[in-house]
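*Asks:* Mind having a look at this structure? Questions to follow.
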Amino acid sequence: MKQEKHSTATTAVYGSEEMVRPAPTMTIPEEMTTPEIAYRMVKDETYAQTQPRLNLATFVTTYMDEYATRLMNEAIAMNYIDQTEYPRVAVMTSRCINILANLWNTPEKGESKTGALGIGSSEACMLGGVAAWLRWRKRRQQAGKDCTKPNLVMSAGMQVVGEKFCQLWQI
């Protein structure tokens with residue numbers, strides 16, 4: 001059994017043997033690496049593409065203030081989707097769904113709107129697309145019209161998941 005490496009205040013990051021060799025691409029290295037060096041290797045490899053203020057590839061900003069980042073970091077080890085374990089999160093989720101439903105003038109009445117939690121914008125767009133498709137289908141059925149060939153018109157600025165949504169739901 002190999003002895004575990006531990007970092008010290010004198011651990012050289014850029015002057016270490018690990019940083020001289022290329023990062024592994026096919027196998028786990030035989031020798032252990034300190035957490036600081038592993039972190040630095042990943043950070044350096046992805047730095048140019050992981051700066052939120054430079055993200056021009058998507059249609060949304062990825063910048064967050066420090067409090068949002070703190071909340072995420074404090075919750076990272078929790079499985080918030082398990083609402084039996086975290087019932088207050090379910091209450092907060094319901095509040096957010098109601099706020100968004102009212103913002104978008106949902107036709108639903110009452111205090112409890114139908115909705116789902118999505119982690120990212122792609123999931124949210126997919127869920128929104130499904131909701132729109134189901135409403136469209138219901139209206140067509142009620143009007144006695146054909147529902148077998150749905151069509152979706154999108155602008156060029158549509159989130160990229162729009163095409164995936166259409167493929168998945170055969171729209």
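In the structure tokens, chains take letters A, B, ... by order of appearance, with residues numbered from 1 within each chain and ligands from 1 in the order shown.
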Which residues are close to Glu123 of chain A, i.e. within 12 Å by only C-alpha atoms, leaving aside same-chain residues fewer than 5 positions away? Reply as a ChimeraX atom specification.

*Replies:* /A:116-118,128-130,159-162,164-165

*Asks:* Could you please determine the separation between atom CA of Trp169 of chain A and atom CA of Asn79 of chain A in Å, to one decimal place?

*Replies:* 28.8 Å

*Asks:* Find the residues around Pro107 of chain A up to 12 Å (only C-alpha atoms counted), leave out those fewer than 6 positions away in its own chain, and share them as a list in words.

*Replies:*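 In the requested format, the answer is Asn98, Ala101, Lys113, Thr114 and Arg135 of chain A.
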
*Asks:* Those selected residues, please, written with N, CA and C atoms and delivered as a tab-separated table (two decimals), in the first residue's frame.

*Replies:*
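Output saved as selection05.tsv:
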```tsv
chain	number	residue	atom	x	y	z
A	98	ASN	N	-44.50	29.62	-7.72
A	98	ASN	CA	-45.63	30.55	-7.71
A	98	ASN	C	-45.22	31.94	-8.20
A	101	ALA	N	-44.67	31.70	-11.93
A	101	ALA	CA	-45.96	31.50	-12.61
A	101	ALA	C	-46.73	32.81	-12.68
A	113	LYS	N	-49.33	26.77	-7.75
A	113	LYS	CA	-49.20	26.57	-9.19
A	113	LYS	C	-48.46	25.26	-9.46
A	114	THR	N	-48.67	24.71	-10.65
A	114	THR	CA	-47.97	23.50	-11.05
A	114	THR	C	-46.62	23.88	-11.60
A	135	ARG	N	-50.00	22.31	-23.26
A	135	ARG	CA	-51.12	23.26	-23.38
A	135	ARG	C	-51.61	23.33	-24.83
```
